[in-house]
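Participant: My structure is in start27.cif, and what it holds is mmCIF, C-alpha atoms:
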```
data_my_file
loop_
_atom_site.group_PDB
_atom_site.id
_atom_site.type_symbol
_atom_site.label_atom_id
_atom_site.label_comp_id
_atom_site.auth_asym_id
_atom_site.auth_seq_id
_atom_site.Cartn_x
_atom_site.Cartn_y
_atom_site.Cartn_z
ATOM 1 C CA MET A 1 -58.261 -4.704 -40.912
ATOM 2 C CA ALA A 2 -56.680 -1.673 -39.324
ATOM 3 C CA VAL A 3 -52.928 -1.561 -39.756
ATOM 4 C CA ASN A 4 -51.428 -1.077 -36.312
ATOM 5 C CA PHE A 5 -47.792 -1.835 -37.105
ATOM 6 C CA GLY A 6 -44.987 -0.363 -39.177
ATOM 7 C CA SER A 7 -44.462 -1.149 -42.840
ATOM 8 C CA LYS A 8 -41.213 -3.051 -42.136
ATOM 9 C CA ARG A 9 -42.871 -5.670 -39.983
ATOM 10 C CA ILE A 10 -44.039 -7.908 -42.777
ATOM 11 C CA VAL A 11 -40.667 -7.787 -44.527
ATOM 12 C CA THR A 12 -38.420 -8.691 -41.613
ATOM 13 C CA GLY A 13 -40.664 -11.062 -39.685
ATOM 14 C CA ALA A 14 -38.549 -10.413 -36.615
ATOM 15 C CA HIS A 15 -41.214 -11.211 -33.995
ATOM 16 C CA TYR A 16 -41.635 -7.651 -32.879
ATOM 17 C CA GLY A 17 -42.597 -7.164 -29.261
ATOM 18 C CA LEU A 18 -42.137 -8.726 -25.899
ATOM 19 C CA ARG A 19 -42.750 -12.406 -26.510
ATOM 20 C CA ASP A 20 -39.331 -13.744 -27.532
ATOM 21 C CA TRP A 21 -37.488 -11.292 -25.328
ATOM 22 C CA LEU A 22 -39.418 -12.528 -22.315
ATOM 23 C CA ALA A 23 -39.297 -16.186 -23.345
ATOM 24 C CA GLN A 24 -35.514 -15.989 -23.643
ATOM 25 C CA ARG A 25 -35.252 -14.710 -20.062
ATOM 26 C CA VAL A 26 -37.821 -17.055 -18.510
ATOM 27 C CA THR A 27 -36.245 -20.127 -20.112
ATOM 28 C CA ALA A 28 -32.794 -18.882 -19.060
ATOM 29 C CA LEU A 29 -33.925 -18.482 -15.455
ATOM 30 C CA LEU A 30 -35.442 -21.966 -15.450
ATOM 31 C CA MET A 31 -32.204 -23.485 -16.759
ATOM 32 C CA ALA A 32 -30.089 -21.510 -14.273
ATOM 33 C CA LEU A 33 -32.225 -22.754 -11.348
ATOM 34 C CA PHE A 34 -32.045 -26.312 -12.724
ATOM 35 C CA THR A 35 -28.236 -26.028 -12.867
ATOM 36 C CA LEU A 36 -28.199 -24.823 -9.270
ATOM 37 C CA LEU A 37 -30.349 -27.796 -8.233
ATOM 38 C CA ILE A 38 -28.013 -30.320 -9.915
ATOM 39 C CA VAL A 39 -24.909 -28.685 -8.441
ATOM 40 C CA LEU A 40 -26.446 -28.660 -4.952
ATOM 41 C CA ARG A 41 -27.454 -32.323 -5.208
ATOM 42 C CA LEU A 42 -23.901 -33.209 -6.234
ATOM 43 C CA VAL A 43 -22.253 -31.025 -3.593
ATOM 44 C CA PHE A 44 -24.442 -32.269 -0.730
ATOM 45 C CA SER A 45 -24.088 -35.923 -1.659
ATOM 46 C CA ARG A 46 -22.270 -38.498 0.368
ATOM 47 C CA GLY A 47 -19.642 -40.855 -0.904
ATOM 48 C CA PRO A 48 -17.970 -40.908 -4.300
ATOM 49 C CA VAL A 49 -19.774 -39.462 -7.298
ATOM 50 C CA GLY A 50 -20.362 -42.626 -9.286
ATOM 51 C CA TYR A 51 -23.061 -44.112 -11.451
ATOM 52 C CA ASP A 52 -25.554 -44.785 -8.633
ATOM 53 C CA LEU A 53 -25.534 -41.213 -7.393
ATOM 54 C CA TRP A 54 -25.642 -39.674 -10.856
ATOM 55 C CA ALA A 55 -28.451 -41.882 -12.142
ATOM 56 C CA GLY A 56 -30.251 -41.577 -8.801
ATOM 57 C CA ILE A 57 -30.626 -37.841 -9.284
ATOM 58 C CA PHE A 58 -32.763 -38.412 -12.377
ATOM 59 C CA SER A 59 -34.673 -41.475 -11.151
ATOM 60 C CA ALA A 60 -37.532 -39.713 -9.347
ATOM 61 C CA GLN A 61 -40.611 -38.905 -11.392
ATOM 62 C CA TRP A 62 -40.691 -35.231 -10.345
ATOM 63 C CA MET A 63 -37.065 -34.859 -11.472
ATOM 64 C CA LYS A 64 -37.877 -36.456 -14.834
ATOM 65 C CA THR A 65 -40.802 -34.085 -15.281
ATOM 66 C CA LEU A 66 -38.660 -31.097 -14.334
ATOM 67 C CA THR A 67 -35.803 -32.168 -16.622
ATOM 68 C CA PHE A 68 -38.302 -32.683 -19.439
ATOM 69 C CA THR A 69 -39.493 -29.094 -18.989
ATOM 70 C CA VAL A 70 -35.907 -27.845 -18.950
ATOM 71 C CA ILE A 71 -35.153 -29.699 -22.194
ATOM 72 C CA LEU A 72 -38.111 -27.948 -23.824
ATOM 73 C CA ALA A 73 -36.948 -24.608 -22.385
ATOM 74 C CA LEU A 74 -33.473 -25.242 -23.812
ATOM 75 C CA LEU A 75 -34.985 -26.104 -27.186
ATOM 76 C CA TYR A 76 -36.867 -22.821 -27.361
ATOM 77 C CA HIS A 77 -34.012 -20.755 -25.898
ATOM 78 C CA ALA A 78 -31.488 -22.122 -28.401
ATOM 79 C CA TRP A 79 -33.952 -21.577 -31.256
ATOM 80 C CA VAL A 80 -34.406 -17.889 -30.400
ATOM 81 C CA GLY A 81 -30.644 -17.453 -30.051
ATOM 82 C CA MET A 82 -29.713 -19.214 -33.275
ATOM 83 C CA ARG A 83 -32.466 -17.447 -35.187
ATOM 84 C CA ASP A 84 -31.029 -14.135 -33.957
ATOM 85 C CA ILE A 85 -27.567 -15.146 -35.172
ATOM 86 C CA TRP A 86 -28.833 -16.122 -38.634
ATOM 87 C CA MET A 87 -30.912 -12.932 -38.875
ATOM 88 C CA ASP A 88 -27.901 -10.792 -37.951
ATOM 89 C CA TYR A 89 -25.268 -12.321 -40.205
ATOM 90 C CA ILE A 90 -27.016 -14.098 -43.069
ATOM 91 C CA LYS A 91 -28.844 -11.646 -45.259
ATOM 92 C CA PRO A 92 -29.934 -13.581 -48.375
ATOM 93 C CA VAL A 93 -33.334 -15.127 -47.734
ATOM 94 C CA GLY A 94 -32.553 -18.556 -49.214
ATOM 95 C CA PRO A 95 -29.488 -19.478 -47.121
ATOM 96 C CA ARG A 96 -31.109 -17.894 -44.050
ATOM 97 C CA LEU A 97 -34.227 -20.011 -44.395
ATOM 98 C CA ALA A 98 -32.096 -23.109 -44.988
ATOM 99 C CA LEU A 99 -30.050 -22.430 -41.842
ATOM 100 C CA GLN A 100 -33.179 -21.733 -39.799
ATOM 101 C CA VAL A 101 -34.739 -24.988 -40.959
ATOM 102 C CA PHE A 102 -31.470 -26.787 -40.151
ATOM 103 C CA SER A 103 -31.534 -25.258 -36.639
ATOM 104 C CA ILE A 104 -35.064 -26.484 -36.026
ATOM 105 C CA VAL A 105 -34.294 -29.991 -37.271
ATOM 106 C CA TRP A 106 -31.074 -30.097 -35.226
ATOM 107 C CA LEU A 107 -32.768 -28.873 -32.045
ATOM 108 C CA VAL A 108 -35.883 -31.025 -32.290
ATOM 109 C CA GLY A 109 -33.712 -34.065 -33.012
ATOM 110 C CA CYS A 110 -31.480 -33.339 -30.025
ATOM 111 C CA ALA A 111 -34.480 -32.755 -27.753
ATOM 112 C CA GLY A 112 -36.028 -36.058 -28.828
ATOM 113 C CA TRP A 113 -32.808 -37.930 -28.110
ATOM 114 C CA ALA A 114 -32.409 -36.243 -24.695
ATOM 115 C CA ILE A 115 -35.992 -37.079 -23.714
ATOM 116 C CA GLN A 116 -35.509 -40.688 -24.774
ATOM 117 C CA VAL A 117 -32.370 -40.920 -22.627
ATOM 118 C CA LEU A 118 -34.178 -39.312 -19.698
ATOM 119 C CA TRP A 119 -36.830 -42.053 -19.556
ATOM 120 C CA ARG A 120 -34.242 -44.783 -19.933
ATOM 121 C CA VAL A 121 -32.868 -44.108 -16.450
ATOM 122 C CA MET B 1 -28.602 30.803 -30.454
ATOM 123 C CA SER B 2 -25.259 30.761 -32.175
ATOM 124 C CA ALA B 3 -24.184 28.172 -34.668
ATOM 125 C CA PRO B 4 -22.054 25.381 -33.137
ATOM 126 C CA ALA B 5 -18.331 25.914 -33.515
ATOM 127 C CA PRO B 6 -16.869 24.032 -36.468
ATOM 128 C CA SER B 7 -15.437 20.778 -35.226
ATOM 129 C CA VAL B 8 -11.672 20.468 -35.264
ATOM 130 C CA ARG B 9 -11.800 16.724 -34.678
ATOM 131 C CA PRO B 10 -11.296 14.490 -37.671
ATOM 132 C CA PRO B 11 -14.476 12.824 -38.850
ATOM 133 C CA ARG B 12 -15.245 9.570 -37.118
ATOM 134 C CA PRO B 13 -14.770 6.474 -39.236
ATOM 135 C CA GLU B 14 -18.015 5.257 -40.700
ATOM 136 C CA PHE B 15 -18.728 1.551 -41.076
ATOM 137 C CA ARG B 16 -21.319 0.581 -43.624
ATOM 138 C CA ASN B 17 -20.258 -2.930 -44.517
ATOM 139 C CA ILE B 18 -17.893 -4.329 -41.928
ATOM 140 C CA HIS B 19 -15.169 -6.334 -43.606
ATOM 141 C CA ALA B 20 -14.147 -9.231 -41.383
ATOM 142 C CA PHE B 21 -10.443 -8.983 -42.222
ATOM 143 C CA LYS B 22 -9.950 -5.296 -43.014
ATOM 144 C CA ASP B 23 -12.122 -3.647 -40.353
ATOM 145 C CA LEU B 24 -12.481 -6.040 -37.451
ATOM 146 C CA PRO B 25 -8.779 -6.147 -36.379
ATOM 147 C CA SER B 26 -8.703 -2.355 -35.989
ATOM 148 C CA TYR B 27 -12.145 -2.150 -34.386
ATOM 149 C CA ARG B 28 -11.674 -1.406 -30.707
ATOM 150 C CA LEU B 29 -14.239 -3.428 -28.817
ATOM 151 C CA PRO B 30 -14.920 -2.417 -25.196
ATOM 152 C CA LEU B 31 -14.921 -5.161 -22.546
ATOM 153 C CA ALA B 32 -18.725 -5.235 -22.468
ATOM 154 C CA GLY B 33 -18.615 -5.820 -26.228
ATOM 155 C CA ILE B 34 -16.188 -8.709 -25.784
ATOM 156 C CA VAL B 35 -18.516 -10.285 -23.204
ATOM 157 C CA SER B 36 -21.385 -9.800 -25.635
ATOM 158 C CA ILE B 37 -19.750 -11.452 -28.633
ATOM 159 C CA LEU B 38 -18.432 -14.270 -26.407
ATOM 160 C CA HIS B 39 -22.010 -14.791 -25.168
ATOM 161 C CA ARG B 40 -23.025 -15.340 -28.764
ATOM 162 C CA ILE B 41 -20.012 -17.533 -29.608
ATOM 163 C CA SER B 42 -20.477 -19.676 -26.493
ATOM 164 C CA GLY B 43 -24.164 -20.143 -27.319
ATOM 165 C CA ALA B 44 -23.398 -21.168 -30.890
ATOM 166 C CA LEU B 45 -20.705 -23.562 -29.662
ATOM 167 C CA MET B 46 -23.140 -25.307 -27.305
ATOM 168 C CA PHE B 47 -25.692 -25.486 -30.121
ATOM 169 C CA LEU B 48 -23.183 -27.170 -32.433
ATOM 170 C CA LEU B 49 -21.867 -29.540 -29.746
ATOM 171 C CA MET B 50 -25.341 -30.449 -28.494
ATOM 172 C CA PRO B 51 -25.096 -34.043 -29.830
ATOM 173 C CA PHE B 52 -21.879 -34.482 -27.827
ATOM 174 C CA ILE B 53 -23.610 -33.108 -24.711
ATOM 175 C CA ILE B 54 -26.488 -35.560 -25.118
ATOM 176 C CA TRP B 55 -24.045 -38.370 -25.872
ATOM 177 C CA MET B 56 -22.399 -37.609 -22.492
ATOM 178 C CA PHE B 57 -25.827 -37.591 -20.813
ATOM 179 C CA ASP B 58 -26.719 -40.852 -22.571
ATOM 180 C CA THR B 59 -23.571 -42.851 -21.801
ATOM 181 C CA SER B 60 -23.155 -41.509 -18.271
ATOM 182 C CA ILE B 61 -26.682 -42.332 -17.185
ATOM 183 C CA SER B 62 -28.056 -45.274 -19.175
ATOM 184 C CA SER B 63 -26.364 -48.116 -17.299
ATOM 185 C CA GLU B 64 -23.326 -49.061 -15.247
ATOM 186 C CA ILE B 65 -21.716 -50.501 -18.368
ATOM 187 C CA SER B 66 -22.241 -47.327 -20.381
ATOM 188 C CA PHE B 67 -21.002 -45.291 -17.407
ATOM 189 C CA ALA B 68 -17.759 -47.292 -17.477
ATOM 190 C CA ARG B 69 -17.499 -46.616 -21.205
ATOM 191 C CA PHE B 70 -18.103 -42.906 -20.534
ATOM 192 C CA LYS B 71 -15.162 -42.886 -18.163
ATOM 193 C CA SER B 72 -12.908 -44.843 -20.472
ATOM 194 C CA VAL B 73 -13.584 -42.467 -23.392
ATOM 195 C CA PHE B 74 -12.362 -39.594 -21.241
ATOM 196 C CA ASN B 75 -9.366 -41.501 -19.897
ATOM 197 C CA GLN B 76 -8.272 -43.708 -22.797
ATOM 198 C CA GLY B 77 -10.033 -42.090 -25.723
ATOM 199 C CA ALA B 78 -12.199 -43.734 -28.375
ATOM 200 C CA GLY B 79 -10.963 -44.971 -31.737
ATOM 201 C CA PRO B 80 -8.584 -42.433 -33.255
ATOM 202 C CA MET B 81 -9.600 -39.794 -30.690
ATOM 203 C CA PRO B 82 -7.262 -39.556 -27.702
ATOM 204 C CA GLY B 83 -8.705 -38.971 -24.230
ATOM 205 C CA TRP B 84 -7.075 -35.553 -23.827
ATOM 206 C CA PHE B 85 -8.892 -34.329 -26.921
ATOM 207 C CA VAL B 86 -12.272 -35.417 -25.540
ATOM 208 C CA LYS B 87 -11.371 -33.621 -22.312
ATOM 209 C CA LEU B 88 -10.384 -30.532 -24.264
ATOM 210 C CA VAL B 89 -13.760 -30.452 -26.011
ATOM 211 C CA ALA B 90 -15.468 -30.923 -22.642
ATOM 212 C CA LEU B 91 -13.359 -28.060 -21.273
ATOM 213 C CA ALA B 92 -14.463 -25.808 -24.137
ATOM 214 C CA LEU B 93 -18.054 -26.715 -23.316
ATOM 215 C CA MET B 94 -17.499 -25.960 -19.635
ATOM 216 C CA TRP B 95 -16.169 -22.526 -20.532
ATOM 217 C CA ALA B 96 -19.048 -21.935 -22.941
ATOM 218 C CA PHE B 97 -21.619 -22.900 -20.315
ATOM 219 C CA LEU B 98 -20.030 -20.835 -17.539
ATOM 220 C CA HIS B 99 -19.600 -17.766 -19.699
ATOM 221 C CA HIS B 100 -23.111 -18.036 -21.109
ATOM 222 C CA LEU B 101 -24.592 -18.511 -17.630
ATOM 223 C CA ILE B 102 -22.705 -15.668 -15.969
ATOM 224 C CA ALA B 103 -23.161 -13.259 -18.876
ATOM 225 C CA GLY B 104 -26.851 -14.233 -18.836
ATOM 226 C CA ILE B 105 -27.168 -13.480 -15.123
ATOM 227 C CA ARG B 106 -25.493 -10.135 -15.886
ATOM 228 C CA HIS B 107 -28.185 -9.512 -18.505
ATOM 229 C CA LEU B 108 -31.001 -10.390 -16.092
ATOM 230 C CA TRP B 109 -29.479 -8.161 -13.427
ATOM 231 C CA MET B 110 -29.288 -5.252 -15.866
ATOM 232 C CA ASP B 111 -32.903 -5.840 -16.902
ATOM 233 C CA MET B 112 -34.187 -5.950 -13.344
ATOM 234 C CA ARG B 113 -32.193 -3.087 -11.887
ATOM 235 C CA HIS B 114 -32.075 -0.925 -15.004
ATOM 236 C CA ALA B 115 -28.343 -0.943 -14.278
ATOM 237 C CA VAL B 116 -27.338 0.314 -17.693
ATOM 238 C CA SER B 117 -24.381 2.643 -17.400
ATOM 239 C CA LYS B 118 -20.963 2.758 -18.933
ATOM 240 C CA GLU B 119 -19.305 2.072 -15.571
ATOM 241 C CA PHE B 120 -21.532 -0.864 -14.665
ATOM 242 C CA GLY B 121 -21.144 -2.286 -18.159
ATOM 243 C CA ARG B 122 -17.401 -2.289 -17.764
ATOM 244 C CA SER B 123 -17.130 -3.479 -14.162
ATOM 245 C CA SER B 124 -19.672 -6.270 -14.634
ATOM 246 C CA ALA B 125 -17.875 -7.299 -17.833
ATOM 247 C CA ILE B 126 -14.646 -7.659 -15.857
ATOM 248 C CA TRP B 127 -16.502 -9.741 -13.253
ATOM 249 C CA THR B 128 -18.039 -11.939 -15.917
ATOM 250 C CA LEU B 129 -14.717 -12.621 -17.645
ATOM 251 C CA THR B 130 -12.839 -13.212 -14.384
ATOM 252 C CA LEU B 131 -15.451 -15.560 -12.920
ATOM 253 C CA SER B 132 -16.000 -17.609 -16.080
ATOM 254 C CA MET B 133 -12.263 -17.967 -16.803
ATOM 255 C CA GLY B 134 -11.449 -18.677 -13.154
ATOM 256 C CA LEU B 135 -14.124 -21.349 -12.756
ATOM 257 C CA THR B 136 -13.146 -22.888 -16.103
ATOM 258 C CA LEU B 137 -9.509 -23.118 -14.979
ATOM 259 C CA ALA B 138 -10.481 -24.594 -11.595
ATOM 260 C CA LEU B 139 -12.836 -27.203 -13.097
ATOM 261 C CA GLY B 140 -10.440 -27.834 -15.979
ATOM 262 C CA ALA B 141 -7.640 -28.626 -13.531
ATOM 263 C CA LYS B 142 -9.988 -31.175 -11.928
ATOM 264 C CA LEU B 143 -10.924 -32.597 -15.338
ATOM 265 C CA PHE B 144 -7.280 -33.088 -16.285
ATOM 266 C CA GLY B 145 -6.511 -34.594 -12.880
ATOM 267 C CA LEU B 146 -4.250 -31.859 -11.524
ATOM 268 C CA TYR B 147 -5.840 -32.255 -8.077
#
```
Go ahead and express the file in the form of C-alpha cells.
Facilitator:
Amino acid sequence: MAVNFGSKRIVTGAHYGLRDWLAQRVTALLMALFTLLIVLRLVFSRGPVGYDLWAGIFSAQWMKTLTFTVILALLYHAWVGMRDIWMDYIKPVGPRLALQVFSIVWLVGCAGWAIQVLWRV
Amino acid sequence: MSAPAPSVRPPRPEFRNIHAFKDLPSYRLPLAGIVSILHRISGALMFLLMPFIIWMFDTSISSEISFARFKSVFNQGAGPMPGWFVKLVALALMWAFLHHLIAGIRHLWMDMRHAVSKEFGRSSAIWTLTLSMGLTLALGAKLFGLY
C-alpha cells in the first residue's frame, strides 16, 4: 500500500482531515436551528407556559423525529469536543483512553435516557 | 542584503511546559483567547451536567405530576438541596449554553467569511461576551423571579 500520509498520523490518531471539523459545524448548525425553533414556538404561544404547551411541542411525530436527530447530533458533537479536550490536556495514553471511554459511556447513556424520555411524551 | 540589526528587545519568554500556577496567572490572554477558553469550559460544563439537563427534560415533560415536581424542586428544593441552589446550577447552564452558542456562531461566521483578523477577533469577542453575559443576566433575573 502506498503511504500517502505523514509518519505522525499513526501515532496521534487525531482524525486528520475534514471529517470531524465539518461534523462539528454541521451538528452545531442543526442544534442552533433546533434552539431557534423551540424559542419561536415558546415566544409565539398563547396563554401561560405550562405543562400542556411544553409537552405539546414534542407531541407531534415530526418533532420527535427531529429531536431524535438533534440528540444524535449532540452526542457526536460532544464526543468530538471532549475528545479534543482529553487529547490536549491528558498526555499519558492510559488515562486518556480511560477518559475517552468514560466520555463515550457517559454520552451514549445520556442519549439513551433522552430518547426514552422523548417517546414517553 | 545586510544582516538584520541586532535586536535590542529582551528575548520573549518561552513556554515549553505551562505550569498552571506559576505561568498562567502572568499569561496575558487576549479577549479572543478568553472567549476561546470559555467556549471549552462551557462545553465541558454542559457535558458534565448532561444528566441534570436530561432530568429537567424528563420531569418537565413526562406528566403533569412530574411537571409539578419539576416546579417544586426549583421553588422549594429537593432533600438537602435548597431551591436557590438548583436555580444557580440552572443559571450556570444557561450561561454555558448561551456562551457556547454565541461563540459557536462567531466561529461559523469566521469560517464562512474568512473574517480572521486581529480587529475582528477582538470586536467579535467583545460582542460574544457582552451578549452571553447580558442574556444570562436577563434570563437569570426571570429565573430568580426579579420580574
Participant: What residues come out when you apply the PyMOL selection byres ((chain A) within 9 of (chain B)) to this file, written as a ChimeraX atom specification?
Facilitator: /A:25,28-29,32,50-52,54-55,58,78,81-82,85,103,106-107,110-111,113-114,117-118,120-121
Participant: Limited to C-alpha atoms, could you put the picked residues into a file as a compact mmCIF listing (two decimals), in the frame of the given file?
Facilitator:
```txt
# COMPACT_ATOMS: atom_id res chain seq x y z
CA ARG A 25 -35.25 -14.71 -20.06
CA ALA A 28 -32.79 -18.88 -19.06
CA LEU A 29 -33.92 -18.48 -15.46
CA ALA A 32 -30.09 -21.51 -14.27
CA GLY A 50 -20.36 -42.63 -9.29
CA TYR A 51 -23.06 -44.11 -11.45
CA ASP A 52 -25.55 -44.78 -8.63
CA TRP A 54 -25.64 -39.67 -10.86
CA ALA A 55 -28.45 -41.88 -12.14
CA PHE A 58 -32.76 -38.41 -12.38
CA ALA A 78 -31.49 -22.12 -28.40
CA GLY A 81 -30.64 -17.45 -30.05
CA MET A 82 -29.71 -19.21 -33.28
CA ILE A 85 -27.57 -15.15 -35.17
CA SER A 103 -31.53 -25.26 -36.64
CA TRP A 106 -31.07 -30.10 -35.23
CA LEU A 107 -32.77 -28.87 -32.04
CA CYS A 110 -31.48 -33.34 -30.02
CA ALA A 111 -34.48 -32.76 -27.75
CA TRP A 113 -32.81 -37.93 -28.11
CA ALA A 114 -32.41 -36.24 -24.70
CA VAL A 117 -32.37 -40.92 -22.63
CA LEU A 118 -34.18 -39.31 -19.70
CA ARG A 120 -34.24 -44.78 -19.93
CA VAL A 121 -32.87 -44.11 -16.45
```
Participant: Box along x, y and z, 3 Å on every side, all listed atoms of range 61-76 of chain A inside: centre and edge lengths in Å to one decimal, as JSON.
Facilitator:
```
{"center_x": -37.1, "center_y": -30.9, "center_z": -18.9, "size_x": 13.3, "size_y": 22.1, "size_z": 23.0}
```
Participant: So, with only C-alpha atoms as the atoms that count, which of A:Tyr89, A:Phe102, A:Phe68, A:Tyr76 lies closest to Gln116 in chain A?
Facilitator: A:Phe68
Participant: Just the number, please: distance in Å from CA of Asn75 in chain B to CA of Lys87 in chain B, one decimal.
Facilitator: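 Taking CA of Asn75 in chain B and CA of Lys87 in chain B, their separation equals 8.5 Å.
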Participant: Between CA of Leu37 in chain A and CA of Ser72 in chain B, what distance in Å does the model show, to one decimal?
Facilitator: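 These two atoms are separated by 27.3 Å.
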Participant: Name the residues that the PyMOL selection byres ((chain B and resi 94) around 10) picks from the file above, as number ranges by chain, using the file's chain letters and numbers.
Facilitator: B: 42, 46, 88-93, 95-100, 132-133, 135-137, 139-140
Participant: How many Å separate CA of Met31 in chain A from CA of Arg113 in chain B?
Facilitator: 21.0 Å
Participant: Kindly extract all protein, DNA and RNA residues lying within 12 Å of the coordinates (-36.4, -15.4, -34.2) given in the file, considering all atoms listed in the file, and supply them as a PDB file with C-alpha atoms, in the coordinates of the input.
Facilitator:
```pdb
ATOM      1  CA  THR A  12     -38.420  -8.691 -41.613  1.00  0.00           C
ATOM      2  CA  GLY A  13     -40.664 -11.062 -39.685  1.00  0.00           C
ATOM      3  CA  ALA A  14     -38.549 -10.413 -36.615  1.00  0.00           C
ATOM      4  CA  HIS A  15     -41.214 -11.211 -33.995  1.00  0.00           C
ATOM      5  CA  TYR A  16     -41.635  -7.651 -32.879  1.00  0.00           C
ATOM      6  CA  GLY A  17     -42.597  -7.164 -29.261  1.00  0.00           C
ATOM      7  CA  ARG A  19     -42.750 -12.406 -26.510  1.00  0.00           C
ATOM      8  CA  ASP A  20     -39.331 -13.744 -27.532  1.00  0.00           C
ATOM      9  CA  TRP A  21     -37.488 -11.292 -25.328  1.00  0.00           C
ATOM     10  CA  ALA A  23     -39.297 -16.186 -23.345  1.00  0.00           C
ATOM     11  CA  GLN A  24     -35.514 -15.989 -23.643  1.00  0.00           C
ATOM     12  CA  TYR A  76     -36.867 -22.821 -27.361  1.00  0.00           C
ATOM     13  CA  HIS A  77     -34.012 -20.755 -25.898  1.00  0.00           C
ATOM     14  CA  ALA A  78     -31.488 -22.122 -28.401  1.00  0.00           C
ATOM     15  CA  TRP A  79     -33.952 -21.577 -31.256  1.00  0.00           C
ATOM     16  CA  VAL A  80     -34.406 -17.889 -30.400  1.00  0.00           C
ATOM     17  CA  GLY A  81     -30.644 -17.453 -30.051  1.00  0.00           C
ATOM     18  CA  MET A  82     -29.713 -19.214 -33.275  1.00  0.00           C
ATOM     19  CA  ARG A  83     -32.466 -17.447 -35.187  1.00  0.00           C
ATOM     20  CA  ASP A  84     -31.029 -14.135 -33.957  1.00  0.00           C
ATOM     21  CA  ILE A  85     -27.567 -15.146 -35.172  1.00  0.00           C
ATOM     22  CA  TRP A  86     -28.833 -16.122 -38.634  1.00  0.00           C
ATOM     23  CA  MET A  87     -30.912 -12.932 -38.875  1.00  0.00           C
ATOM     24  CA  ASP A  88     -27.901 -10.792 -37.951  1.00  0.00           C
ATOM     25  CA  ARG A  96     -31.109 -17.894 -44.050  1.00  0.00           C
ATOM     26  CA  LEU A  97     -34.227 -20.011 -44.395  1.00  0.00           C
ATOM     27  CA  GLN A 100     -33.179 -21.733 -39.799  1.00  0.00           C
ATOM     28  CA  VAL A 101     -34.739 -24.988 -40.959  1.00  0.00           C
ATOM     29  CA  SER A 103     -31.534 -25.258 -36.639  1.00  0.00           C
ATOM     30  CA  ILE A 104     -35.064 -26.484 -36.026  1.00  0.00           C
TER      31      ILE A 104
END
```
Participant: With a distance cut-off of 9 Å and all atoms listed in the file, select the neighbouring residues of Thr67 in chain A, excluding the residue or stretch itself and same-chain residues fewer than 2 positions from it, and output the selection as a PyMOL selection string.
Facilitator: chain A and resi 34+58+62-65+69-72+115+118
Participant: Since the input is missing atoms, can you rebuild N, CA and C atoms for range 84-97 of chain B and write them as a short mmCIF file (atom, residue, chain, number, x, y, z; two decimals), in the frame of the given file?
Facilitator:
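For reference, result_27.cif as written:
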```cif
data_model
loop_
_atom_site.label_atom_id
_atom_site.label_comp_id
_atom_site.auth_asym_id
_atom_site.auth_seq_id
_atom_site.Cartn_x
_atom_site.Cartn_y
_atom_site.Cartn_z
N TRP B 84 -7.30 -36.98 -24.12
CA TRP B 84 -7.08 -35.55 -23.83
C TRP B 84 -7.87 -34.67 -24.76
N PHE B 85 -8.12 -35.15 -25.99
CA PHE B 85 -8.89 -34.33 -26.92
C PHE B 85 -10.36 -34.25 -26.49
N VAL B 86 -10.89 -35.40 -26.04
CA VAL B 86 -12.27 -35.42 -25.54
C VAL B 86 -12.39 -34.47 -24.35
N LYS B 87 -11.37 -34.51 -23.48
CA LYS B 87 -11.37 -33.62 -22.31
C LYS B 87 -11.29 -32.17 -22.73
N LEU B 88 -10.53 -31.91 -23.78
CA LEU B 88 -10.38 -30.53 -24.26
C LEU B 88 -11.72 -30.00 -24.80
N VAL B 89 -12.44 -30.86 -25.51
CA VAL B 89 -13.76 -30.45 -26.01
C VAL B 89 -14.70 -30.20 -24.83
N ALA B 90 -14.63 -31.10 -23.84
CA ALA B 90 -15.47 -30.92 -22.64
C ALA B 90 -15.10 -29.62 -21.93
N LEU B 91 -13.81 -29.30 -21.92
CA LEU B 91 -13.36 -28.06 -21.27
C LEU B 91 -13.92 -26.85 -22.01
N ALA B 92 -13.90 -26.90 -23.34
CA ALA B 92 -14.46 -25.81 -24.14
C ALA B 92 -15.95 -25.65 -23.82
N LEU B 93 -16.63 -26.77 -23.65
CA LEU B 93 -18.05 -26.72 -23.32
C LEU B 93 -18.28 -26.13 -21.92
N MET B 94 -17.38 -26.49 -20.99
CA MET B 94 -17.50 -25.96 -19.64
C MET B 94 -17.33 -24.45 -19.65
N TRP B 95 -16.35 -23.98 -20.42
CA TRP B 95 -16.17 -22.53 -20.53
C TRP B 95 -17.41 -21.89 -21.14
N ALA B 96 -17.89 -22.50 -22.24
CA ALA B 96 -19.05 -21.94 -22.94
C ALA B 96 -20.24 -21.84 -22.00
N PHE B 97 -20.47 -22.91 -21.23
CA PHE B 97 -21.62 -22.90 -20.32
C PHE B 97 -21.45 -21.84 -19.23
#
```
